[in-house]
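Asks: Structure file model-v6.csv, CSV, C-alpha atoms, is pasted below:
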```
chain,number,residue,atom,x,y,z
A,1463,MET,CA,-17.8,-9.6,-125.8
A,1464,GLN,CA,-20.7,-12.1,-126.0
A,1465,LEU,CA,-21.6,-13.1,-129.6
A,1466,PHE,CA,-24.5,-15.1,-130.9
A,1467,VAL,CA,-23.7,-16.9,-134.2
A,1468,SER,CA,-26.8,-17.7,-136.3
A,1469,TYR,CA,-26.3,-20.2,-139.1
A,1470,ALA,CA,-28.1,-22.8,-141.3
A,1471,ARG,CA,-27.2,-26.4,-140.7
A,1472,ALA,CA,-25.5,-26.7,-144.1
A,1473,ASP,CA,-23.0,-24.0,-142.9
A,1474,ILE,CA,-21.9,-25.8,-139.7
A,1475,ALA,CA,-18.3,-25.9,-140.9
A,1476,VAL,CA,-18.2,-22.2,-141.4
A,1477,ALA,CA,-19.8,-21.6,-138.1
A,1478,ASP,CA,-17.3,-23.8,-136.3
A,1479,ALA,CA,-14.4,-21.8,-137.9
A,1480,LEU,CA,-16.0,-18.5,-137.1
A,1481,VAL,CA,-16.6,-19.4,-133.4
A,1482,SER,CA,-13.0,-20.6,-133.2
A,1483,ASP,CA,-11.7,-17.3,-134.7
A,1484,ALA,CA,-13.9,-15.2,-132.4
A,1485,GLN,CA,-12.6,-17.1,-129.4
A,1486,SER,CA,-9.1,-16.6,-130.5
A,1487,LEU,CA,-9.8,-12.8,-130.5
A,1488,GLY,CA,-10.9,-13.1,-126.8
A,1489,HIS,CA,-14.7,-13.1,-127.4
A,1490,ARG,CA,-17.3,-15.6,-126.2
A,1491,ALA,CA,-19.4,-17.0,-129.0
A,1492,PHE,CA,-22.5,-19.1,-128.6
A,1493,TYR,CA,-24.2,-21.2,-131.3
A,1494,ASP,CA,-26.7,-24.0,-131.1
A,1495,ARG,CA,-24.5,-26.9,-132.0
A,1496,GLU,CA,-25.5,-29.1,-129.1
A,1497,LEU,CA,-29.2,-28.2,-128.6
A,1498,VAL,CA,-31.7,-30.6,-130.0
A,1499,GLY,CA,-34.9,-28.7,-130.6
A,1500,GLY,CA,-38.3,-28.1,-129.0
A,1501,GLN,CA,-39.6,-25.3,-126.7
A,1502,ARG,CA,-36.7,-25.5,-124.2
A,1503,TRP,CA,-34.2,-25.4,-127.1
A,1504,TRP,CA,-35.9,-22.3,-128.6
A,1505,ASP,CA,-36.2,-20.6,-125.2
A,1506,ALA,CA,-32.4,-21.1,-124.6
A,1507,LEU,CA,-31.6,-19.6,-128.0
A,1508,LEU,CA,-33.8,-16.6,-127.3
A,1509,ASP,CA,-32.1,-16.1,-124.0
A,1510,GLN,CA,-28.7,-16.2,-125.6
A,1511,ILE,CA,-29.7,-13.7,-128.3
A,1512,GLU,CA,-31.1,-11.3,-125.7
A,1513,ALA,CA,-27.9,-11.5,-123.7
A,1514,ALA,CA,-25.6,-11.1,-126.7
A,1515,ALA,CA,-23.7,-7.9,-127.5
A,1516,VAL,CA,-23.5,-8.8,-131.2
A,1517,PHE,CA,-25.7,-10.9,-133.5
A,1518,VAL,CA,-23.5,-12.6,-136.2
A,1519,PRO,CA,-25.5,-14.2,-139.0
A,1520,VAL,CA,-23.6,-16.5,-141.4
A,1521,LEU,CA,-25.1,-15.5,-144.7
A,1522,SER,CA,-25.8,-18.1,-147.4
A,1523,ASP,CA,-28.6,-19.4,-149.6
A,1524,ASP,CA,-29.4,-21.9,-146.9
A,1525,TYR,CA,-29.6,-19.2,-144.3
A,1526,ARG,CA,-32.2,-17.2,-146.4
A,1527,GLY,CA,-34.3,-20.4,-146.6
A,1528,SER,CA,-34.2,-21.1,-142.9
A,1529,GLU,CA,-37.3,-20.1,-140.9
A,1530,ALA,CA,-35.4,-20.5,-137.6
A,1531,CYS,CA,-32.6,-18.2,-138.8
A,1532,ARG,CA,-35.1,-15.6,-139.8
A,1533,ALA,CA,-36.9,-15.8,-136.4
A,1534,GLU,CA,-33.6,-15.5,-134.6
A,1535,ALA,CA,-32.8,-12.3,-136.6
A,1536,VAL,CA,-36.2,-10.8,-135.9
A,1537,TRP,CA,-35.8,-11.5,-132.2
A,1538,ALA,CA,-32.2,-10.0,-132.1
A,1539,MET,CA,-33.6,-6.8,-133.8
A,1540,ALA,CA,-36.5,-6.6,-131.3
A,1541,CYS,CA,-33.9,-6.9,-128.5
A,1542,GLY,CA,-31.8,-4.1,-129.9
A,1543,VAL,CA,-28.7,-6.3,-130.5
A,1544,PRO,CA,-26.4,-4.9,-133.3
A,1545,PHE,CA,-25.8,-7.0,-136.4
A,1546,LEU,CA,-22.4,-8.0,-137.9
A,1547,PRO,CA,-23.3,-10.2,-140.9
A,1548,VAL,CA,-20.6,-12.6,-142.1
A,1549,SER,CA,-20.6,-13.6,-145.8
A,1550,THR,CA,-18.6,-16.5,-147.2
A,1551,GLY,CA,-19.5,-16.1,-150.8
A,1552,GLN,CA,-21.4,-14.1,-153.4
A,1553,GLN,CA,-24.5,-12.9,-151.6
A,1554,VAL,CA,-26.8,-10.1,-152.7
A,1555,PRO,CA,-27.8,-7.7,-149.9
A,1556,GLY,CA,-31.1,-7.0,-151.5
A,1557,LEU,CA,-32.2,-10.5,-150.9
A,1558,TYR,CA,-32.0,-10.1,-147.2
A,1559,ASP,CA,-34.1,-8.2,-144.7
A,1560,PRO,CA,-33.1,-4.5,-144.2
A,1561,VAL,CA,-31.6,-5.1,-140.8
A,1562,ILE,CA,-29.1,-7.5,-142.4
A,1563,ALA,CA,-28.8,-5.8,-145.8
A,1564,GLU,CA,-28.0,-2.4,-144.3
A,1565,ALA,CA,-25.4,-3.6,-141.8
A,1566,ASN,CA,-21.7,-3.6,-142.4
A,1567,TRP,CA,-20.8,-7.1,-143.8
A,1568,VAL,CA,-17.6,-9.0,-143.1
A,1569,ALA,CA,-16.2,-11.2,-145.8
A,1570,PHE,CA,-15.1,-14.4,-144.0
A,1571,ASP,CA,-12.7,-17.1,-145.3
A,1572,PRO,CA,-11.7,-19.7,-142.7
A,1573,GLN,CA,-8.4,-20.1,-144.4
A,1574,SER,CA,-7.5,-16.4,-144.6
A,1575,ARG,CA,-5.8,-14.5,-141.8
A,1576,GLU,CA,-7.0,-11.3,-143.5
A,1577,SER,CA,-10.5,-12.5,-142.7
A,1578,LEU,CA,-9.5,-12.8,-139.0
A,1579,ALA,CA,-8.3,-9.2,-139.1
A,1580,ALA,CA,-11.5,-8.0,-140.8
A,1581,LEU,CA,-13.6,-9.9,-138.2
A,1582,ALA,CA,-11.6,-8.2,-135.4
A,1583,ARG,CA,-12.2,-4.7,-136.9
A,1584,GLY,CA,-15.8,-5.4,-137.4
A,1585,LEU,CA,-16.4,-6.5,-133.8
A,1586,ALA,CA,-14.4,-3.6,-132.5
A,1587,SER,CA,-16.6,-1.2,-134.4
A,1588,MET,CA,-19.9,-2.6,-133.0
A,1589,PRO,CA,-22.1,-0.1,-131.1
A,1590,PRO,CA,-23.5,-1.1,-127.8
A,1591,ALA,CA,-26.8,-3.0,-127.6
A,1592,SER,CA,-29.9,-0.9,-127.0
A,1593,PRO,CA,-32.4,-3.1,-125.2
A,1594,PRO,CA,-36.1,-2.0,-125.6
A,1595,VAL,CA,-37.9,-0.3,-122.7
A,1596,VAL,CA,-40.7,-2.9,-122.9
A,1597,THR,CA,-39.7,-6.5,-123.3
A,1598,PRO,CA,-41.1,-7.7,-126.7
A,1599,ALA,CA,-43.3,-10.8,-127.0
A,1600,ARG,CA,-41.2,-13.9,-127.7
A,1601,PRO,CA,-41.7,-15.5,-131.1
A,1602,PRO,CA,-43.1,-19.1,-131.3
A,1603,VAL,CA,-40.9,-22.1,-132.0
A,1604,PRO,CA,-40.3,-22.0,-135.8
A,1605,VAL,CA,-41.8,-24.9,-137.7
A,1606,SER,CA,-40.0,-25.8,-140.9
A,1607,TYR,CA,-41.8,-26.9,-144.1
A,1608,MET,CA,-40.6,-30.4,-143.6
A,1609,ASN,CA,-41.9,-30.4,-140.0
A,1610,LEU,CA,-45.3,-29.4,-141.3
A,1611,ILE,CA,-45.3,-32.3,-143.8
A,1612,GLU,CA,-44.2,-34.7,-141.0
A,1613,GLN,CA,-47.1,-33.6,-138.8
A,1614,GLN,CA,-49.6,-34.2,-141.6
A,1615,ILE,CA,-48.2,-37.6,-142.4
A,1616,ARG,CA,-48.0,-38.8,-138.8
A,1617,GLY,CA,-51.4,-37.3,-137.9
A,1618,VAL,CA,-54.3,-39.6,-136.9
A,1619,GLY,CA,-56.8,-38.1,-139.3
A,1620,GLU,CA,-57.5,-39.4,-142.8
A,1621,ILE,CA,-55.5,-37.8,-145.6
A,1622,PRO,CA,-57.7,-37.2,-148.7
A,1623,ARG,CA,-56.5,-38.6,-152.0
A,1624,GLY,CA,-55.7,-35.2,-153.4
A,1625,ASP,CA,-53.6,-34.3,-150.3
A,1626,GLN,CA,-51.8,-37.6,-150.5
A,1627,LEU,CA,-50.6,-36.9,-154.1
A,1628,ALA,CA,-49.7,-33.3,-153.1
A,1629,LEU,CA,-47.5,-34.6,-150.3
A,1630,VAL,CA,-45.8,-37.2,-152.6
A,1631,TYR,CA,-45.0,-34.5,-155.2
A,1632,ASP,CA,-43.7,-32.1,-152.6
A,1633,LEU,CA,-41.4,-34.7,-151.2
A,1634,ARG,CA,-40.3,-35.8,-154.7
A,1635,ALA,CA,-39.1,-32.2,-155.3
A,1636,LYS,CA,-36.8,-32.6,-152.2
A,1637,LEU,CA,-35.0,-35.7,-153.6
A,1638,GLY,CA,-31.6,-34.7,-154.8
A,1639,SER,CA,-31.4,-31.8,-152.4
A,1640,ARG,CA,-29.9,-31.5,-148.9
A,1641,ASP,CA,-33.3,-32.7,-147.5
A,1642,GLU,CA,-33.2,-35.9,-149.5
A,1643,GLU,CA,-32.7,-38.2,-146.5
A,1644,ILE,CA,-35.6,-36.5,-144.6
A,1645,ALA,CA,-37.8,-36.7,-147.8
A,1646,ARG,CA,-37.1,-40.4,-148.1
A,1647,THR,CA,-38.0,-41.0,-144.5
A,1648,LEU,CA,-41.2,-39.2,-144.8
A,1649,LEU,CA,-42.1,-41.0,-148.0
A,1650,SER,CA,-41.6,-44.3,-146.2
A,1651,SER,CA,-43.8,-43.1,-143.4
A,1652,LEU,CA,-46.5,-42.0,-145.8
A,1653,ARG,CA,-46.3,-45.4,-147.6
A,1654,SER,CA,-47.1,-47.2,-144.3
A,1655,ARG,CA,-50.4,-45.3,-143.8
A,1656,PRO,CA,-53.5,-47.6,-144.0
A,1657,ASP,CA,-55.5,-45.0,-145.9
A,1658,LEU,CA,-52.9,-44.6,-148.7
A,1659,THR,CA,-54.4,-44.9,-152.1
A,1660,VAL,CA,-52.9,-47.4,-154.6
A,1661,GLU,CA,-52.0,-44.5,-156.9
A,1662,ALA,CA,-49.9,-42.7,-154.2
A,1663,ALA,CA,-48.4,-46.0,-153.1
A,1664,THR,CA,-47.3,-46.8,-156.6
A,1665,VAL,CA,-45.6,-43.4,-157.1
A,1666,ILE,CA,-43.8,-43.7,-153.7
A,1667,ASP,CA,-42.5,-47.2,-154.6
A,1668,GLU,CA,-41.1,-45.8,-157.9
A,1669,LEU,CA,-39.4,-42.9,-156.0
A,1670,LEU,CA,-37.9,-45.1,-153.4
A,1671,GLY,CA,-36.8,-47.7,-156.0
A,1672,VAL,CA,-38.9,-50.5,-154.5
A,1673,ASN,CA,-39.1,-53.5,-156.7
A,1674,GLY,CA,-42.3,-55.5,-157.4
A,1675,ALA,CA,-41.8,-58.1,-154.7
A,1676,ASP,CA,-40.9,-55.5,-152.0
A,1677,ALA,CA,-43.9,-53.4,-153.0
A,1678,ALA,CA,-46.1,-56.5,-152.6
A,1679,ASP,CA,-44.7,-57.2,-149.2
A,1680,ARG,CA,-45.2,-53.6,-148.1
A,1681,SER,CA,-48.7,-53.6,-149.4
A,1682,ALA,CA,-49.4,-56.8,-147.5
A,1683,ASP,CA,-48.0,-55.3,-144.3
A,1684,ARG,CA,-50.1,-52.2,-144.9
A,1685,GLY,CA,-53.3,-54.1,-145.6
A,1686,PRO,CA,-55.6,-54.5,-148.6
A,1687,THR,CA,-54.6,-52.7,-151.8
A,1688,HIS,CA,-58.0,-51.4,-152.5
A,1689,ASP,CA,-57.9,-48.5,-150.1
A,1690,PRO,CA,-59.6,-49.9,-147.1
A,1691,ALA,CA,-61.9,-47.6,-145.1
A,1692,PRO,CA,-61.1,-46.6,-141.6
A,1693,PRO,CA,-63.6,-47.9,-138.9
A,1694,GLY,CA,-66.9,-46.2,-139.2
A,1695,ARG,CA,-66.3,-45.0,-142.8
A,1696,LEU,CA,-67.5,-46.3,-146.2
A,1697,PRO,CA,-65.0,-48.2,-148.3
A,1698,ARG,CA,-63.3,-46.4,-151.1
A,1699,LEU,CA,-63.0,-47.3,-154.8
A,1700,THR,CA,-59.8,-47.1,-156.8
A,1701,ARG,CA,-59.8,-44.9,-159.8
A,1702,PRO,CA,-59.7,-47.8,-162.3
A,1703,THR,CA,-62.8,-49.3,-160.6
A,1704,THR,CA,-64.6,-46.0,-160.6
A,1705,GLY,CA,-63.8,-45.4,-164.3
A,1706,TRP,CA,-65.1,-48.9,-165.1
A,1707,LEU,CA,-68.4,-48.3,-163.2
A,1708,VAL,CA,-68.9,-44.9,-164.8
A,1709,GLY,CA,-68.3,-46.3,-168.3
A,1710,MET,CA,-70.6,-49.2,-167.7
A,1711,SER,CA,-73.3,-47.0,-166.2
A,1712,THR,CA,-73.1,-44.5,-169.1
A,1713,LEU,CA,-73.6,-47.3,-171.6
A,1714,MET,CA,-76.6,-48.6,-169.6
A,1715,TRP,CA,-78.5,-45.4,-169.5
A,1716,LEU,CA,-77.7,-44.6,-173.1
A,1717,ILE,CA,-79.2,-48.0,-174.1
A,1718,ALA,CA,-82.1,-47.4,-171.8
A,1719,VAL,CA,-83.2,-44.2,-173.4
A,1720,THR,CA,-82.3,-44.9,-177.0
A,1721,VAL,CA,-82.7,-48.7,-177.7
A,1722,LEU,CA,-84.8,-50.4,-175.1
A,1723,PRO,CA,-88.6,-50.0,-174.8
A,1724,TRP,CA,-89.2,-47.6,-171.9
A,1725,ALA,CA,-92.6,-48.5,-170.6
A,1726,PRO,CA,-95.2,-50.9,-172.1
A,1727,TYR,CA,-98.6,-49.4,-172.4
A,1728,ARG,CA,-101.9,-49.7,-174.2
A,1729,ASN,CA,-104.7,-47.2,-174.9
A,1730,PHE,CA,-107.5,-49.5,-173.9
A,1731,GLU,CA,-107.8,-52.8,-172.1
A,1732,ASP,CA,-108.3,-54.9,-175.2
A,1733,TYR,CA,-105.8,-53.0,-177.3
A,1734,PRO,CA,-102.4,-54.4,-178.1
A,1735,ILE,CA,-99.4,-53.5,-175.9
A,1736,HIS,CA,-97.1,-50.8,-177.2
A,1737,ARG,CA,-93.4,-50.8,-176.3
A,1738,PRO,CA,-92.0,-47.5,-177.5
A,1739,ARG,CA,-88.7,-45.9,-176.6
A,1740,LEU,CA,-88.5,-43.1,-174.1
A,1741,TRP,CA,-89.1,-40.2,-176.4
A,1742,GLN,CA,-92.1,-42.1,-178.1
A,1743,THR,CA,-94.2,-42.3,-174.9
A,1744,PRO,CA,-95.9,-38.9,-174.5
A,1745,ASN,CA,-99.0,-40.6,-173.1
A,1746,VAL,CA,-97.0,-42.2,-170.3
A,1747,VAL,CA,-93.9,-40.0,-169.8
A,1748,PRO,CA,-94.4,-36.2,-170.4
A,1749,PRO,CA,-91.7,-34.6,-172.7
A,1750,VAL,CA,-90.5,-32.5,-169.7
A,1751,ALA,CA,-89.9,-35.6,-167.7
A,1752,VAL,CA,-87.9,-37.1,-170.6
A,1753,MET,CA,-85.7,-34.1,-170.7
A,1754,VAL,CA,-85.2,-34.2,-166.9
A,1755,ALA,CA,-84.2,-37.8,-167.1
A,1756,ILE,CA,-81.7,-37.3,-169.9
A,1757,VAL,CA,-80.2,-34.1,-168.4
A,1758,THR,CA,-79.9,-35.7,-165.0
A,1759,ALA,CA,-78.1,-38.7,-166.5
A,1760,VAL,CA,-75.6,-36.4,-168.3
A,1761,VAL,CA,-74.9,-34.3,-165.2
A,1762,VAL,CA,-74.4,-37.3,-162.9
A,1763,THR,CA,-72.2,-39.0,-165.4
A,1764,GLY,CA,-70.1,-35.9,-166.0
A,1765,LEU,CA,-69.5,-35.3,-162.3
A,1766,ALA,CA,-68.6,-39.0,-161.7
A,1767,ALA,CA,-66.1,-38.8,-164.6
A,1768,LEU,CA,-64.7,-35.5,-163.3
A,1769,ALA,CA,-64.3,-36.9,-159.7
A,1770,ILE,CA,-61.9,-39.5,-161.1
A,1771,VAL,CA,-59.3,-36.9,-162.2
A,1772,VAL,CA,-59.9,-34.0,-159.8
A,1773,VAL,CA,-60.9,-33.5,-156.2
A,1774,VAL,CA,-64.7,-32.9,-155.9
A,1775,PRO,CA,-66.1,-32.1,-152.4
A,1776,ARG,CA,-67.9,-35.1,-151.0
A,1777,ALA,CA,-71.0,-33.1,-150.1
A,1778,VAL,CA,-71.4,-32.1,-153.8
A,1779,ARG,CA,-70.9,-35.7,-154.9
A,1780,ILE,CA,-73.4,-37.1,-152.4
A,1781,ALA,CA,-76.0,-34.4,-153.4
A,1782,VAL,CA,-75.7,-35.1,-157.2
A,1783,ALA,CA,-75.8,-38.9,-156.6
A,1784,ALA,CA,-78.9,-38.5,-154.5
A,1785,GLY,CA,-80.5,-36.3,-157.2
A,1786,GLY,CA,-79.8,-39.0,-159.8
A,1787,VAL,CA,-81.3,-41.7,-157.7
A,1788,PHE,CA,-84.3,-39.5,-156.9
A,1789,VAL,CA,-85.1,-38.9,-160.6
A,1790,ALA,CA,-84.7,-42.6,-161.3
A,1791,VAL,CA,-87.2,-43.5,-158.6
A,1792,VAL,CA,-89.7,-40.9,-159.8
A,1793,ALA,CA,-89.4,-42.3,-163.3
A,1794,VAL,CA,-90.3,-45.8,-162.1
A,1795,VAL,CA,-93.2,-44.5,-159.9
A,1796,GLY,CA,-94.5,-42.2,-162.6
A,1797,THR,CA,-94.5,-45.1,-165.1
A,1798,VAL,CA,-96.2,-47.5,-162.7
A,1799,ILE,CA,-99.0,-45.1,-161.7
A,1800,SER,CA,-99.8,-44.1,-165.2
A,1801,ASP,CA,-103.4,-45.0,-166.2
A,1802,LEU,CA,-102.1,-46.4,-169.5
A,1803,ALA,CA,-99.1,-48.3,-168.3
A,1804,VAL,CA,-99.1,-52.1,-168.1
A,1805,ALA,CA,-95.9,-52.3,-166.0
A,1806,PRO,CA,-92.5,-50.6,-165.9
A,1807,GLY,CA,-90.6,-51.7,-169.0
A,1808,SER,CA,-87.0,-52.8,-169.3
A,1809,GLY,CA,-85.8,-49.3,-170.2
A,1810,VAL,CA,-86.9,-47.8,-166.9
A,1811,TRP,CA,-85.2,-50.5,-164.8
A,1812,VAL,CA,-82.0,-50.2,-166.7
A,1813,TYR,CA,-82.1,-46.5,-166.2
A,1814,VAL,CA,-82.6,-47.0,-162.5
A,1815,ALA,CA,-79.7,-49.4,-162.3
A,1816,ALA,CA,-77.5,-47.0,-164.1
A,1817,MET,CA,-78.3,-44.1,-161.8
A,1818,LEU,CA,-77.7,-46.3,-158.7
A,1819,THR,CA,-74.3,-47.5,-160.1
A,1820,LEU,CA,-73.3,-43.9,-160.8
A,1821,GLY,CA,-74.4,-42.9,-157.3
A,1822,VAL,CA,-72.2,-45.6,-155.8
A,1823,ALA,CA,-69.3,-44.5,-157.9
A,1824,LEU,CA,-69.7,-40.9,-156.9
A,1825,VAL,CA,-70.0,-41.5,-153.2
A,1826,LEU,CA,-67.2,-44.0,-152.9
A,1827,THR,CA,-64.7,-42.3,-155.2
A,1828,PRO,CA,-61.6,-41.3,-153.1
A,1829,SER,CA,-61.6,-37.6,-152.4
```
Produce structure tokens that represent the structure in this file.

Replies:
Amino acid sequence: MQLFVSYARADIAVADALVSDAQSLGHRAFYDRELVGGQRWWDALLDQIEAAAVFVPVLSDDYRGSEACRAEAVWAMACGVPFLPVSTGQQVPGLYDPVIAEANWVAFDPQSRESLAALARGLASMPPASPPVVTPARPPVPVSYMNLIEQQIRGVGEIPRGDQLALVYDLRAKLGSRDEEIARTLLSSLRSRPDLTVEAATVIDELLGVNGADAADRSADRGPTHDPAPPGRLPRLTRPTTGWLVGMSTLMWLIAVTVLPWAPYRNFEDYPIHRPRLWQTPNVVPPVAVMVAIVTAVVVTGLAALAIVVVVPRAVRIAVAAGGVFVAVVAVVGTVISDLAVAPGSGVWVYVAAMLTLGVALVLTPS
């Protein structure tokens, strides 16, 4: 009888013992110990499952978490191959798909001869396979979660700041598990990317236990530590730099609208020049314009600060930055063309400088 043994990599020792016992009973057993992966590997497995008389899954916690094992079981069911699940420990049937949960399980212990007898009885009781009339469509090559992470890390496209941190935290969760070696390899690959932010690089160095000198060497190999921009893209600011710019700009526009004279003016040509603050210039700046200037500054500042800690779409950041610069330019132009104005005062120019700085911080903040 031809058997197909489906197992998770962590259960290779059990699979070896099971295949040996099946062969001692006179059965032919196939399992993918020597195949390496890819489409040809997957096609070979599907061919073996389709030709098998019995599908033997080695049940375990690792088996339930394997996408490849699940795909193999789905294909065996589609091909009408009967199931003989083998359990090596305390497994709950309700955690498995019905085709496995409802089959007759065999308790298997490689060291017990009673298990060999139970396996022999189970195989002897298997009904014949019932192939479908129409050959079902073959499932695609299963891609594990770690494979997806590797594809993202090794891709040529830029990885946004938020996605970089998500990758780091996902891989950190794998440390201490059976995937630790793979996780460390992927963390090292992510660390070598030229678009990696300083924040993500620092966390990776801590996870990999890299000391300060090694981290400096790796940063030198990777390039500048200020998140260089790929060709054709604007440079990116680090979060500390963005925070400093936002804080400075906020202080600038607050001083501009509360302390500095906004726009010198005089009522008549031979009258003295007045230098009132923003809210004291109704003859030069209408009250509505005053409110627009203040509200715009608050909105631009708030979004710039928010973009430091959360991911804000670049299109939104560019639109708000452009709005702030537009209001600042209108403030200057409106002051200059006023019949009463002598010239734009210091407050106007400081406000413009603040909006321009906030605009730069918004556009160049890593996404």

Asks: Provide the atom CA of A:Val1782 to atom CA of A:Arg1623 distance in Å, to one decimal place.

Replies: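 Atom CA of A:Val1782 sits 20.2 Å away from atom CA of A:Arg1623.
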
Asks: Within 10 Å of (-50.9, -44.8, -141.8), in the coordinates the file gives, what residues turn up when you count only C-alpha atoms, written out as a list of chain:residue names?

Replies: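 Returned residue set, sorted by chain then number, is A:Ile1615, A:Arg1616, A:Gly1617, A:Val1618, A:Gly1619, A:Glu1620, A:Ile1621, A:Ser1651, A:Leu1652, A:Arg1653, A:Ser1654, A:Arg1655, A:Pro1656, A:Asp1657, A:Leu1658, A:Arg1684.
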
Asks: Do a neighbour search on A:Trp1706 at 12 Å with only C-alpha atoms, toss out local chain neighbours closer than 6 positions, and write the hits as a list of chain:residue names.

Replies: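 Here the qualifying residues turn out to be A:Leu1699, A:Thr1700, A:Thr1712, A:Leu1713, A:Ala1766, A:Ala1767, A:Ile1770, A:Thr1819, A:Leu1820, A:Ala1823, A:Thr1827.
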
Asks: Using all atoms listed in the file, can you tell me which of A:Ala1491, A:Ala1538, A:Val1752, A:Ala1783 comes closest to A:Gln1464?

Replies: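 Of the candidates, the smallest distance to A:Gln1464 is held by A:Ala1491.
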
Asks: Just the residues within 10 Å of A:Pro1572, please, counting all atoms listed in the file, with nothing from its chain fewer than 3 positions along; format it as a compact mmCIF listing (two decimals) with C-alpha atoms, keeping the file's coordinate frame.

Replies:
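Result file follows (part_10.txt):
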```txt
# COMPACT_ATOMS: atom_id res chain seq x y z
CA ALA A 1475 -18.30 -25.90 -140.90
CA VAL A 1476 -18.20 -22.20 -141.40
CA ALA A 1477 -19.80 -21.60 -138.10
CA ASP A 1478 -17.30 -23.80 -136.30
CA ALA A 1479 -14.40 -21.80 -137.90
CA LEU A 1480 -16.00 -18.50 -137.10
CA SER A 1482 -13.00 -20.60 -133.20
CA ASP A 1483 -11.70 -17.30 -134.70
CA THR A 1550 -18.60 -16.50 -147.20
CA ARG A 1575 -5.80 -14.50 -141.80
CA GLU A 1576 -7.00 -11.30 -143.50
CA SER A 1577 -10.50 -12.50 -142.70
CA LEU A 1578 -9.50 -12.80 -139.00
```

Asks: Please measure the separation of atom CA of A:Glu1564 and atom CA of A:Ala1470, giving the value in Å to one decimal.

Replies: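 Straight-line distance from atom CA of A:Glu1564 to atom CA of A:Ala1470 works out to 20.6 Å.
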
Asks: Kindly give the distance, in Å, that separates atom CA of A:Leu1557 and atom CA of A:Val1518, rounded to a single decimal.

Replies: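 Computing it gives 17.2 Å between the two atoms.
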
Asks: Give the answer as one residue: which of A:Gly1786, A:Pro1519, A:Gly1705, A:Gly1542 has the shortest atom-to-atom distance to A:Val1596, using all atoms listed in the file?

Replies: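 Of A:Gly1786, A:Pro1519, A:Gly1705, A:Gly1542, the one nearest A:Val1596 is A:Gly1542, counting all atoms listed in the file.
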
Asks: Quick one: residues within 9 Å of A:Ala1793, all atoms listed in the file, excluding same-chain residues fewer than 6 positions away - as a PyMOL selection string?

Replies: chain A and resi 1747+1751+1755+1810+1813-1814

Asks: Point out the residue among A:Pro1601, A:Pro1547, A:Pro1702, A:Pro1560 with the least atom-to-atom distance to A:Leu1581, counting only C-alpha atoms.

Replies: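 Under the stated criterion, the closest residue is A:Pro1547.
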
Asks: So which residues touch A:Val1548 within 7 Å, counting only C-alpha atoms, skipping near sequence neighbours fewer than 4 positions away, as a ChimeraX atom specification?

Replies: /A:1518-1521,1567-1570

Asks: When you count only C-alpha atoms, which of these residues is closest to A:Leu1508: A:Phe1466, A:Trp1715, A:Tyr1558, A:Phe1545?

Replies: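 Of A:Phe1466, A:Trp1715, A:Tyr1558, A:Phe1545, the one nearest A:Leu1508, counting only C-alpha atoms, is A:Phe1466.
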